[in-house]
$ cat my_file-v7.cif   # mmCIF, C-alpha atoms and all ligand atoms
data_upload
#
loop_
_atom_site.label_atom_id
_atom_site.label_comp_id
_atom_site.auth_asym_id
_atom_site.auth_seq_id
_atom_site.Cartn_x
_atom_site.Cartn_y
_atom_site.Cartn_z
CA MET Z 118 0.00 0.00 0.00
CA SER Z 119 1.21 3.46 -0.75
CA ARG Z 120 -0.66 6.64 0.00
CA VAL Z 121 -0.03 9.93 -1.77
CA TYR Z 122 -0.19 13.41 -0.30
CA ASN Z 123 -3.62 14.39 -1.55
CA PHE Z 124 -4.14 18.14 -2.05
CA SER Z 125 -7.59 17.76 -3.61
CA ALA Z 126 -10.11 20.51 -2.83
CA GLY Z 127 -12.84 17.93 -2.27
CA PRO Z 128 -13.58 15.15 -1.83
CA ALA Z 129 -10.36 15.40 0.08
CA VAL Z 130 -7.87 13.79 2.41
CA LEU Z 131 -9.21 12.12 5.57
CA PRO Z 132 -7.22 11.07 8.64
CA GLU Z 133 -5.51 7.77 7.99
CA GLU Z 134 -6.44 6.59 11.47
CA VAL Z 135 -10.11 7.06 10.67
CA LEU Z 136 -9.86 5.14 7.42
CA LYS Z 137 -8.06 2.26 9.14
CA GLU Z 138 -10.64 2.10 11.90
CA ALA Z 139 -13.45 2.08 9.35
CA ALA Z 140 -11.67 -0.69 7.47
CA ASP Z 141 -11.36 -2.73 10.68
CA GLU Z 142 -15.06 -2.33 11.34
CA MET Z 143 -16.16 -2.89 7.76
CA LEU Z 144 -17.40 -6.48 8.06
CA ASP Z 145 -18.39 -6.51 11.68
CA TYR Z 146 -19.18 -3.29 13.53
CA LYS Z 147 -18.50 -3.91 17.21
CA GLY Z 148 -19.85 -7.44 17.23
CA CYS Z 149 -23.04 -6.66 15.28
CA GLY Z 150 -21.98 -9.05 12.55
CA MET Z 151 -22.64 -6.44 9.90
CA SER Z 152 -21.25 -3.24 8.46
CA VAL Z 153 -22.68 0.15 9.44
CA MET Z 154 -23.57 0.37 5.75
CA GLU Z 155 -25.94 -2.57 6.11
CA MET Z 156 -27.58 -1.54 9.33
CA SER Z 157 -31.07 -0.17 9.91
CA HIS Z 158 -30.96 3.53 10.66
CA ARG Z 159 -33.69 2.80 13.22
CA SER Z 160 -31.53 0.33 15.15
CA LYS Z 161 -30.25 1.06 18.63
CA THR Z 162 -26.69 0.69 17.38
CA TYR Z 163 -27.14 3.32 14.68
CA ASP Z 164 -28.98 5.59 17.06
CA ASN Z 165 -25.90 5.56 19.26
CA ILE Z 166 -23.68 6.37 16.28
CA ILE Z 167 -25.65 9.45 15.18
CA LYS Z 168 -26.27 10.68 18.74
CA GLU Z 169 -22.61 10.37 19.60
CA ALA Z 170 -21.60 12.15 16.39
CA GLU Z 171 -23.88 15.02 17.28
CA ALA Z 172 -22.67 15.17 20.88
CA ASP Z 173 -19.03 15.23 19.78
CA LEU Z 174 -19.68 17.95 17.21
CA ARG Z 175 -21.50 20.00 19.84
CA GLU Z 176 -18.55 19.64 22.17
CA LEU Z 177 -15.98 20.50 19.49
CA MET Z 178 -17.80 23.64 18.34
CA ASN Z 179 -19.31 24.51 21.69
CA ILE Z 180 -22.75 24.64 20.09
CA PRO Z 181 -25.34 26.23 22.41
CA ASP Z 182 -28.51 24.31 23.33
CA ASN Z 183 -30.73 26.63 21.30
CA TYR Z 184 -29.14 25.42 18.07
CA LYS Z 185 -30.12 22.23 16.24
CA VAL Z 186 -27.60 20.08 14.43
CA LEU Z 187 -29.00 18.47 11.27
CA PHE Z 188 -27.29 15.77 9.22
CA LEU Z 189 -28.76 16.11 5.73
CA GLN Z 190 -28.16 15.13 2.12
CA GLY Z 191 -27.95 16.97 -1.17
CA GLY Z 192 -24.59 18.60 -0.64
CA ALA Z 193 -23.97 22.24 0.10
CA SER Z 194 -25.62 23.14 -3.21
CA GLN Z 195 -29.01 21.89 -2.03
CA GLN Z 196 -28.86 24.42 0.78
CA PHE Z 197 -28.64 27.25 -1.76
CA ALA Z 198 -32.39 26.69 -2.22
CA ALA Z 199 -33.27 25.42 1.25
CA ILE Z 200 -32.00 28.59 2.91
CA PRO Z 201 -34.25 31.07 1.06
CA MET Z 202 -37.20 28.65 1.16
CA ASN Z 203 -36.98 28.40 4.95
CA LEU Z 204 -35.74 31.82 5.93
CA MET Z 205 -37.17 34.37 3.47
CA LYS Z 206 -40.17 35.41 5.56
CA ASN Z 207 -40.09 38.94 4.10
CA GLY Z 208 -38.89 37.65 0.77
CA VAL Z 209 -35.64 39.62 1.03
CA ALA Z 210 -32.02 38.61 1.65
CA ASP Z 211 -28.60 40.22 1.24
CA TYR Z 212 -25.74 38.31 -0.35
CA ILE Z 213 -22.02 39.04 -0.26
CA VAL Z 214 -20.56 37.46 -3.36
CA THR Z 215 -16.93 36.45 -2.87
CA GLY Z 216 -16.67 33.54 -5.27
CA GLN Z 217 -18.49 30.99 -7.35
CA TRP Z 218 -20.20 29.24 -4.46
CA ALA Z 219 -21.58 32.47 -3.04
CA LYS Z 220 -22.61 33.48 -6.55
CA LYS Z 221 -24.47 30.24 -7.09
CA ALA Z 222 -26.22 30.65 -3.75
CA TYR Z 223 -27.15 34.21 -4.71
CA GLN Z 224 -28.48 33.15 -8.11
CA GLU Z 225 -30.55 30.40 -6.52
CA ALA Z 226 -32.00 32.82 -3.96
CA CYS Z 227 -33.05 35.15 -6.81
CA MET Z 228 -35.52 32.45 -7.82
CA TYR Z 229 -37.33 32.64 -4.49
CA GLY Z 230 -37.38 36.29 -3.54
CA LYS Z 231 -35.53 39.56 -3.69
CA ALA Z 232 -31.85 38.73 -3.26
CA ASN Z 233 -29.58 41.76 -3.10
CA LYS Z 234 -25.91 41.52 -3.96
CA ILE Z 235 -24.66 44.04 -1.41
CA ALA Z 236 -20.92 43.50 -2.01
CA THR Z 237 -18.71 41.50 -4.33
CA SER Z 238 -15.05 40.99 -5.15
CA GLU Z 239 -15.70 39.82 -8.68
CA ASP Z 240 -13.93 42.92 -10.08
CA LYS Z 241 -10.58 41.33 -9.14
CA THR Z 242 -11.38 37.67 -9.80
CA PHE Z 243 -12.52 37.19 -6.20
CA SER Z 244 -8.95 37.59 -4.93
CA TYR Z 245 -9.98 39.48 -1.79
CA ILE Z 246 -12.76 39.85 0.77
CA PRO Z 247 -14.58 43.19 0.51
CA ASP Z 248 -14.78 45.55 3.46
CA CYS Z 249 -17.92 44.41 5.24
CA SER Z 250 -17.88 46.78 8.19
CA ASP Z 251 -20.61 49.11 6.92
CA LEU Z 252 -22.56 47.56 4.08
CA PRO Z 253 -25.98 48.75 2.87
CA ILE Z 254 -27.86 45.99 4.71
CA SER Z 255 -31.51 45.99 3.65
CA GLU Z 256 -33.94 47.14 6.30
CA ASP Z 257 -36.19 44.13 5.73
CA ALA Z 258 -33.51 41.51 4.97
CA ASP Z 259 -34.33 38.13 6.46
CA TYR Z 260 -30.65 37.27 6.54
CA VAL Z 261 -27.19 38.16 5.28
CA TYR Z 262 -25.41 35.39 3.43
CA ILE Z 263 -21.69 34.68 3.12
CA CYS Z 264 -19.40 31.91 1.96
CA GLU Z 265 -16.84 32.08 4.76
CA ASN Z 266 -13.94 30.31 3.04
CA ASN Z 267 -13.80 30.50 -0.72
CA THR Z 268 -12.53 27.12 -1.78
CA ILE Z 269 -11.78 28.03 -5.39
CA TYR Z 270 -10.11 31.41 -4.83
CA GLY Z 271 -8.46 30.79 -1.46
CA THR Z 272 -9.90 33.71 0.48
CA LYS Z 273 -11.35 33.67 3.99
CA TYR Z 274 -13.23 36.20 6.10
CA LYS Z 275 -10.98 37.10 9.03
CA THR Z 276 -13.78 39.10 10.61
CA LEU Z 277 -17.45 38.41 10.05
CA PRO Z 278 -19.50 41.08 8.30
CA ASN Z 279 -21.37 43.64 10.31
CA THR Z 280 -24.92 42.47 9.56
CA LYS Z 281 -26.45 45.33 11.57
CA GLY Z 282 -28.46 42.90 13.63
CA LYS Z 283 -29.63 40.69 10.77
CA THR Z 284 -29.25 36.91 10.88
CA LEU Z 285 -25.94 35.69 9.46
CA VAL Z 286 -25.99 32.57 7.27
CA ALA Z 287 -22.62 31.04 6.37
CA ASP Z 288 -21.46 28.33 4.04
CA VAL Z 289 -18.39 26.94 5.84
CA SER Z 290 -17.91 23.85 3.66
CA SER Z 291 -14.18 24.32 3.23
CA CYS Z 292 -13.30 25.69 6.68
CA PHE Z 293 -15.60 23.53 8.82
CA LEU Z 294 -13.80 22.60 12.08
CA SER Z 295 -10.54 24.17 10.93
CA GLU Z 296 -10.58 26.63 13.84
CA PRO Z 297 -12.87 27.60 16.74
CA VAL Z 298 -15.98 29.61 15.88
CA ASP Z 299 -18.47 31.53 17.96
CA VAL Z 300 -21.67 29.80 16.90
CA THR Z 301 -23.82 32.48 18.54
CA LYS Z 302 -22.77 34.96 15.86
CA TYR Z 303 -24.63 32.94 13.22
CA GLY Z 304 -28.21 31.99 12.53
CA VAL Z 305 -27.15 29.16 10.25
CA ILE Z 306 -23.75 27.53 9.75
CA TYR Z 307 -23.71 24.82 7.14
CA GLY Z 308 -21.34 22.87 4.96
CA GLY Z 309 -20.86 19.85 2.81
CA VAL Z 310 -18.55 17.52 4.71
CA GLN Z 311 -16.41 16.31 1.81
CA LYS Z 312 -13.86 19.10 2.22
CA ASN Z 313 -12.79 18.82 5.81
CA ILE Z 314 -14.89 16.24 7.64
CA GLY Z 315 -15.99 13.14 5.79
CA PRO Z 316 -17.28 11.46 2.65
CA ALA Z 317 -19.41 13.32 0.11
CA GLY Z 318 -23.14 12.88 0.61
CA VAL Z 319 -23.55 14.52 4.01
CA VAL Z 320 -24.23 18.17 4.68
CA ILE Z 321 -24.34 19.47 8.23
CA VAL Z 322 -26.65 22.35 9.12
CA ILE Z 323 -26.31 24.07 12.49
CA ILE Z 324 -29.33 26.31 12.91
CA ARG Z 325 -30.75 28.48 15.68
CA GLU Z 326 -34.04 27.06 16.84
CA ASP Z 327 -36.15 30.16 16.29
CA LEU Z 328 -35.34 29.97 12.58
CA ILE Z 329 -36.94 26.53 12.32
CA THR Z 330 -40.64 27.08 11.62
CA ASP Z 331 -43.58 25.94 9.52
CA ASP Z 332 -43.66 29.38 7.96
CA VAL Z 333 -41.72 28.50 4.81
CA LEU Z 334 -42.21 29.59 1.21
CA PRO Z 335 -45.22 27.97 -0.48
CA GLY Z 336 -44.20 24.89 -2.38
CA THR Z 337 -41.19 24.10 -0.19
CA PRO Z 338 -40.70 20.33 -0.44
CA THR Z 339 -41.06 18.41 2.82
CA MET Z 340 -37.47 17.24 2.48
CA LEU Z 341 -36.15 20.80 2.21
CA LYS Z 342 -37.97 22.05 5.29
CA TYR Z 343 -35.62 22.31 8.25
CA LYS Z 344 -38.51 21.58 10.60
CA THR Z 345 -39.03 18.17 9.02
CA HIS Z 346 -35.51 17.11 9.92
CA ALA Z 347 -35.27 18.97 13.21
CA ASP Z 348 -38.46 17.30 14.51
CA ALA Z 349 -37.13 13.88 13.53
CA ASP Z 350 -33.55 14.35 14.82
CA SER Z 351 -32.23 13.91 11.25
CA LEU Z 352 -34.05 10.58 10.93
CA TYR Z 353 -37.15 11.66 9.01
CA ASN Z 354 -36.06 9.39 6.19
CA THR Z 355 -32.94 7.27 5.73
CA PRO Z 356 -30.02 9.60 6.39
CA PRO Z 357 -26.63 9.19 4.68
CA ALA Z 358 -25.92 6.70 7.43
CA TYR Z 359 -22.44 5.49 6.59
CA GLY Z 360 -21.21 9.01 5.85
CA ILE Z 361 -22.43 10.24 9.22
CA TYR Z 362 -20.61 7.34 10.90
CA ILE Z 363 -17.34 8.45 9.26
CA CYS Z 364 -17.98 12.07 10.25
CA GLY Z 365 -18.41 10.81 13.81
CA LYS Z 366 -15.02 9.16 13.66
CA VAL Z 367 -13.45 12.38 12.40
CA PHE Z 368 -15.03 14.26 15.31
CA LYS Z 369 -13.45 11.76 17.71
CA TRP Z 370 -10.11 12.19 15.93
CA LEU Z 371 -10.38 15.97 16.28
CA LYS Z 372 -11.13 15.64 19.98
CA LYS Z 373 -8.15 13.36 20.40
CA MET Z 374 -5.95 15.85 18.54
CA GLY Z 375 -6.90 18.43 21.16
CA GLY Z 376 -9.87 20.19 19.58
CA LEU Z 377 -10.27 23.21 17.35
CA GLU Z 378 -7.74 25.50 19.08
CA VAL Z 379 -5.06 22.92 18.38
CA MET Z 380 -6.27 22.45 14.81
CA LYS Z 381 -6.11 26.19 14.27
CA THR Z 382 -2.50 26.33 15.40
CA ARG Z 383 -1.60 23.35 13.24
CA ASN Z 384 -3.40 24.83 10.25
CA GLU Z 385 -1.65 28.17 10.71
CA GLU Z 386 1.72 26.45 10.86
CA LYS Z 387 1.01 24.46 7.70
CA ALA Z 388 -0.29 27.43 5.72
CA LYS Z 389 2.66 29.58 6.84
CA ILE Z 390 5.08 27.14 5.24
CA LEU Z 391 3.46 27.68 1.85
CA TYR Z 392 2.73 31.39 2.13
CA ASP Z 393 6.25 32.19 3.37
CA PHE Z 394 7.66 30.33 0.42
CA LEU Z 395 5.30 32.05 -2.04
CA ASP Z 396 6.25 35.46 -0.65
CA GLU Z 397 9.93 34.93 -1.38
CA SER Z 398 9.66 32.82 -4.53
CA LYS Z 399 10.81 34.28 -7.83
CA LEU Z 400 8.78 31.78 -9.83
CA PHE Z 401 5.55 31.19 -7.90
CA LYS Z 402 3.06 33.80 -6.80
CA GLY Z 403 0.10 33.60 -4.47
CA THR Z 404 -3.07 35.00 -6.05
CA VAL Z 405 -4.84 36.31 -2.95
CA ARG Z 406 -4.53 39.59 -1.04
CA LYS Z 407 -2.38 38.73 1.97
CA GLU Z 408 -4.78 39.67 4.72
CA ASP Z 409 -7.54 37.53 3.21
CA ARG Z 410 -5.58 34.32 2.72
CA SER Z 411 -7.29 31.05 3.53
CA LEU Z 412 -5.65 28.51 5.82
CA MET Z 413 -7.29 25.72 3.85
CA ASN Z 414 -6.94 26.47 0.14
CA VAL Z 415 -3.76 27.98 -1.22
CA PRO Z 416 -3.89 28.96 -4.91
CA PHE Z 417 -0.69 29.92 -6.73
CA ILE Z 418 0.59 30.48 -10.26
CA THR Z 419 3.81 30.82 -12.17
CA GLY Z 420 2.21 33.15 -14.70
CA ASN Z 421 3.03 30.70 -17.49
CA ASP Z 422 0.40 28.12 -18.41
CA GLU Z 423 2.91 25.64 -19.79
CA LEU Z 424 5.03 25.82 -16.68
CA ASP Z 425 1.91 25.39 -14.54
CA ALA Z 426 1.01 22.24 -16.46
CA LYS Z 427 4.56 20.94 -16.09
CA PHE Z 428 4.42 21.58 -12.37
CA VAL Z 429 1.16 19.69 -11.97
CA LYS Z 430 2.51 16.75 -13.95
CA GLU Z 431 5.85 16.53 -12.15
CA SER Z 432 4.36 17.05 -8.70
CA LYS Z 433 1.98 14.17 -9.33
CA ALA Z 434 4.89 11.98 -10.30
CA ALA Z 435 6.49 12.95 -6.97
CA GLY Z 436 3.46 11.74 -5.01
CA LEU Z 437 1.85 15.16 -4.59
CA GLU Z 438 -1.62 14.66 -5.95
CA SER Z 439 -4.38 17.00 -7.24
CA LEU Z 440 -2.53 20.30 -7.29
CA LYS Z 441 -4.21 21.55 -10.43
CA GLY Z 442 -6.15 24.75 -9.83
CA HIS Z 443 -9.89 24.96 -10.34
CA ARG Z 444 -10.84 24.96 -14.01
CA SER Z 445 -12.16 28.51 -13.74
CA VAL Z 446 -8.90 30.03 -12.49
CA GLY Z 447 -6.12 27.75 -13.73
CA GLY Z 448 -2.71 27.60 -12.07
CA MET Z 449 -2.35 25.47 -8.98
CA ARG Z 450 -4.17 25.08 -5.69
CA ALA Z 451 -3.03 23.20 -2.63
CA SER Z 452 -5.89 22.30 -0.30
CA ILE Z 453 -4.39 21.61 3.09
CA TYR Z 454 -7.33 20.57 5.23
CA ASN Z 455 -7.17 19.30 8.82
CA ALA Z 456 -6.11 15.80 7.77
CA MET Z 457 -3.18 16.94 5.62
CA PRO Z 458 -0.08 16.22 7.70
CA LYS Z 459 2.56 18.91 8.10
CA GLU Z 460 5.05 16.63 6.33
CA GLY Z 461 2.85 16.76 3.23
CA VAL Z 462 3.05 20.55 3.17
CA GLU Z 463 6.80 20.50 3.83
CA LYS Z 464 7.24 18.05 1.00
CA LEU Z 465 5.23 20.31 -1.32
CA ALA Z 466 7.27 23.38 -0.36
CA ALA Z 467 10.51 21.47 -0.93
CA PHE Z 468 9.24 20.28 -4.30
CA MET Z 469 8.31 23.85 -5.29
CA LYS Z 470 11.76 25.05 -4.30
CA GLN Z 471 13.38 22.39 -6.40
CA PHE Z 472 11.07 23.08 -9.34
CA GLU Z 473 11.92 26.76 -9.11
CA ALA Z 474 15.64 26.04 -9.17
CA GLU Z 475 15.22 23.85 -12.25
CA ASN Z 476 12.87 26.10 -14.18
CA LEU Z 477 13.71 29.73 -13.40
C1 LIG Z 501 -17.57 22.34 -2.53
C2 LIG Z 501 -18.34 23.51 -2.07
C3 LIG Z 501 -19.72 23.64 -2.32
C4 LIG Z 501 -20.50 22.63 -3.12
O1 LIG Z 501 -20.64 21.48 -2.41
P1 LIG Z 501 -21.54 20.26 -2.96
O2 LIG Z 501 -21.58 19.37 -1.78
O3 LIG Z 501 -20.83 19.70 -4.13
O4 LIG Z 501 -22.86 20.81 -3.33
C5 LIG Z 501 -20.37 24.73 -1.81
N1 LIG Z 501 -19.72 25.67 -1.10
C6 LIG Z 501 -18.41 25.60 -0.87
C7 LIG Z 501 -17.72 26.65 -0.07
C8 LIG Z 501 -17.67 24.52 -1.34
O5 LIG Z 501 -16.35 24.43 -1.09
#

$ encode --input "my_file-v7.cif" --output "structure tokens" --more "lines below"
Ligand SMILES: *Cc1c(COP(=O)(O)O)cnc(C)c1O
Amino acid sequence: MSRVYNFSAGPAVLPEEVLKEAADEMLDYKGCGMSVMEMSHRSKTYDNIIKEAEADLRELMNIPDNYKVLFLQGGASQQFAAIPMNLMKNGVADYIVTGQWAKKAYQEACMYGKANKIATSEDKTFSYIPDCSDLPISEDADYVYICENNTIYGTKYKTLPNTKGKTLVADVSSCFLSEPVDVTKYGVIYGGVQKNIGPAGVVIVIIREDLITDDVLPGTPTMLKYKTHADADSLYNTPPAYGIYICGKVFKWLKKMGGLEVMKTRNEEKAKILYDFLDESKLFKGTVRKEDRSLMNVPFITGNDELDAKFVKESKAAGLESLKGHRSVGGMRASIYNAMPKEGVEKLAAFMKQFEAENL
């Protein structure tokens, strides 16, 4: 067996320990004589799995009691519709568009009500986070929407927008559990888990209880109503049961690692290795304004498409996988989520240094 250093933006690297444990339990989960994949989601054993996953997530993020944790399906993209359908009581919402995911969410919301694009960084290819300290928040906005870490462009909000008292909704798909957050600052925190937590197919929604109501837009499907899932503790229908089990293992791994403060420090150390190198490199350049740099996704370019392609090819041959940038921006992108070991990042930096020496 040989494992590569996997810099994929998602689905992405998972802790090796978790994968090994899952492999050990594949045929016989704790004496049940079956895999978690084969088990009724109504069984006592599965009930323990999902309850424990929720309890561990609550502990990791310090989630207050007046927030529900929902394990849902449909990916982050499904939430682009679910959010306006559930939250647009006045039919108005403000969107800050800092990348393709925020843009898609905004476009989806336009189908359900009056969505206002109150700020954007599209003028400079989403390479920065706009100043959000005094935005023209709509008087009757039901919520203000952000994508907190922009997976494709490698930007991250270092301070949350001033929503002037309006409910903040955040897509945290690519920074989920990468550092501590103050849950009370949000109405909804949600993310697909395939970036930093688990296998594709699960989306986690953390939502303040007062936002969960029957007062949803007409025509909202039962399955997209938060109340449906909140009332049934995420077991209204068959949940993505195996995926949730893996997420639960990752939560345990994070607790064992020391929690989110420790992850933050580790993630800062890893990102610093790459950013320090990019800042002094004569061949490679980071593409993001320094103060807005993500700890999770690090895009960079040489400025020469052929050289970029050569880098991607040679890095792959060296066991550094999936460094090609998103198709919309080109260049390279290293996604260095929680489960990427520091050695992987060091190896990448060393490879870049060597590539620079050979190609400058
Ligand atoms: C990957 C990603 C999405 C889309 O996730 P799906 O699960 O494929 O729908 C949305 N938002 C962000 C920030 C992402 O990184």

$ closest_residue --input "my_file-v7.cif" --among "Z:Thr419, Z:Ser125, Z:Asn455, Z:Thr337" --to "ligand LIG 501 (chain Z)" --atoms "only C-alpha atoms and all ligand atoms"
Z:Ser125

$ closest_residue --input "my_file-v7.cif" --among "Z:Phe368, Z:Tyr454, Z:Tyr245, Z:Phe428" --to "ligand LIG 501 (chain Z)" --atoms "only C-alpha atoms and all ligand atoms"
Z:Tyr454

$ closest_residue --input "my_file-v7.cif" --among "Z:Gly376, Z:Gly308, Z:Gly447, Z:Gly318" --to "Z:Val186" --atoms "only C-alpha atoms"
Z:Gly308

$ residues_near_ligand --input "my_file-v7.cif" --ligand "ligand LIG 501 (chain Z)" --cutoff "9 Å" --atoms "only C-alpha atoms and all ligand atoms" --output "count of residues only"
37

$ closest_residue --input "my_file-v7.cif" --among "Z:Arg450, Z:Lys234, Z:Lys302, Z:Lys381" --to "Z:Val429" --atoms "all atoms listed in the file"
Z:Arg450

$ closest_residue --input "my_file-v7.cif" --among "Z:Val153, Z:Ala466, Z:Ala232, Z:Ala456" --to "Z:Asp393" --atoms "only C-alpha atoms"
Z:Ala466

$ build_atoms --input "my_file-v7.cif" --residues "stretch 272-280 of chain Z" --atoms "all heavy atoms" --output "short mmCIF file (atom, residue, chain, number, x, y, z; two decimals), in the coordinates of the input"
data_model
loop_
_atom_site.label_atom_id
_atom_site.label_comp_id
_atom_site.auth_asym_id
_atom_site.auth_seq_id
_atom_site.Cartn_x
_atom_site.Cartn_y
_atom_site.Cartn_z
N THR Z 272 -9.73 32.59 -0.45
CA THR Z 272 -9.90 33.71 0.48
C THR Z 272 -10.75 33.28 1.67
O THR Z 272 -11.55 32.35 1.57
CB THR Z 272 -10.59 34.91 -0.18
OG1 THR Z 272 -11.87 34.49 -0.66
CG2 THR Z 272 -9.76 35.47 -1.32
N LYS Z 273 -10.58 33.99 2.77
CA LYS Z 273 -11.35 33.67 3.99
C LYS Z 273 -11.67 34.97 4.72
O LYS Z 273 -10.82 35.86 4.81
CB LYS Z 273 -10.51 32.74 4.88
CG LYS Z 273 -10.93 32.67 6.34
CD LYS Z 273 -11.58 31.33 6.67
CE LYS Z 273 -12.48 31.32 7.87
NZ LYS Z 273 -11.96 31.81 9.12
N TYR Z 274 -12.88 35.06 5.23
CA TYR Z 274 -13.23 36.20 6.10
C TYR Z 274 -12.45 36.08 7.39
O TYR Z 274 -12.55 35.07 8.09
CB TYR Z 274 -14.72 36.17 6.45
CG TYR Z 274 -15.67 36.57 5.36
CD1 TYR Z 274 -16.02 35.67 4.35
CD2 TYR Z 274 -16.25 37.84 5.34
CE1 TYR Z 274 -16.92 36.02 3.35
CE2 TYR Z 274 -17.15 38.20 4.34
CZ TYR Z 274 -17.48 37.29 3.36
OH TYR Z 274 -18.36 37.64 2.37
N LYS Z 275 -11.69 37.11 7.75
CA LYS Z 275 -10.98 37.10 9.03
C LYS Z 275 -11.83 37.74 10.11
O LYS Z 275 -11.66 37.48 11.30
CB LYS Z 275 -9.61 37.79 8.92
CG LYS Z 275 -8.67 37.13 7.89
CD LYS Z 275 -8.29 35.69 8.29
CE LYS Z 275 -7.77 34.86 7.12
NZ LYS Z 275 -6.43 35.15 6.67
N THR Z 276 -12.75 38.62 9.68
CA THR Z 276 -13.78 39.10 10.61
C THR Z 276 -15.12 38.94 9.90
O THR Z 276 -15.21 39.12 8.68
CB THR Z 276 -13.61 40.60 10.97
OG1 THR Z 276 -13.36 41.32 9.77
CG2 THR Z 276 -12.47 40.82 11.93
N LEU Z 277 -16.13 38.61 10.66
CA LEU Z 277 -17.45 38.41 10.05
C LEU Z 277 -18.03 39.77 9.69
O LEU Z 277 -17.69 40.79 10.30
CB LEU Z 277 -18.36 37.67 11.03
CG LEU Z 277 -17.95 36.23 11.32
CD1 LEU Z 277 -18.83 35.63 12.43
CD2 LEU Z 277 -18.01 35.37 10.06
N PRO Z 278 -18.90 39.81 8.68
CA PRO Z 278 -19.50 41.08 8.30
C PRO Z 278 -20.36 41.67 9.41
O PRO Z 278 -20.90 40.93 10.23
CB PRO Z 278 -20.39 40.72 7.09
CG PRO Z 278 -20.26 39.28 6.85
CD PRO Z 278 -19.34 38.68 7.86
N ASN Z 279 -20.44 42.97 9.42
CA ASN Z 279 -21.37 43.64 10.31
C ASN Z 279 -22.76 43.56 9.65
O ASN Z 279 -23.03 44.24 8.67
CB ASN Z 279 -20.94 45.10 10.48
CG ASN Z 279 -21.94 45.90 11.29
OD1 ASN Z 279 -22.92 45.35 11.80
ND2 ASN Z 279 -21.70 47.20 11.39
N THR Z 280 -23.60 42.69 10.19
CA THR Z 280 -24.92 42.47 9.56
C THR Z 280 -25.97 43.43 10.12
O THR Z 280 -27.15 43.31 9.78
CB THR Z 280 -25.40 41.03 9.79
OG1 THR Z 280 -25.59 40.83 11.18
CG2 THR Z 280 -24.41 40.01 9.26
#
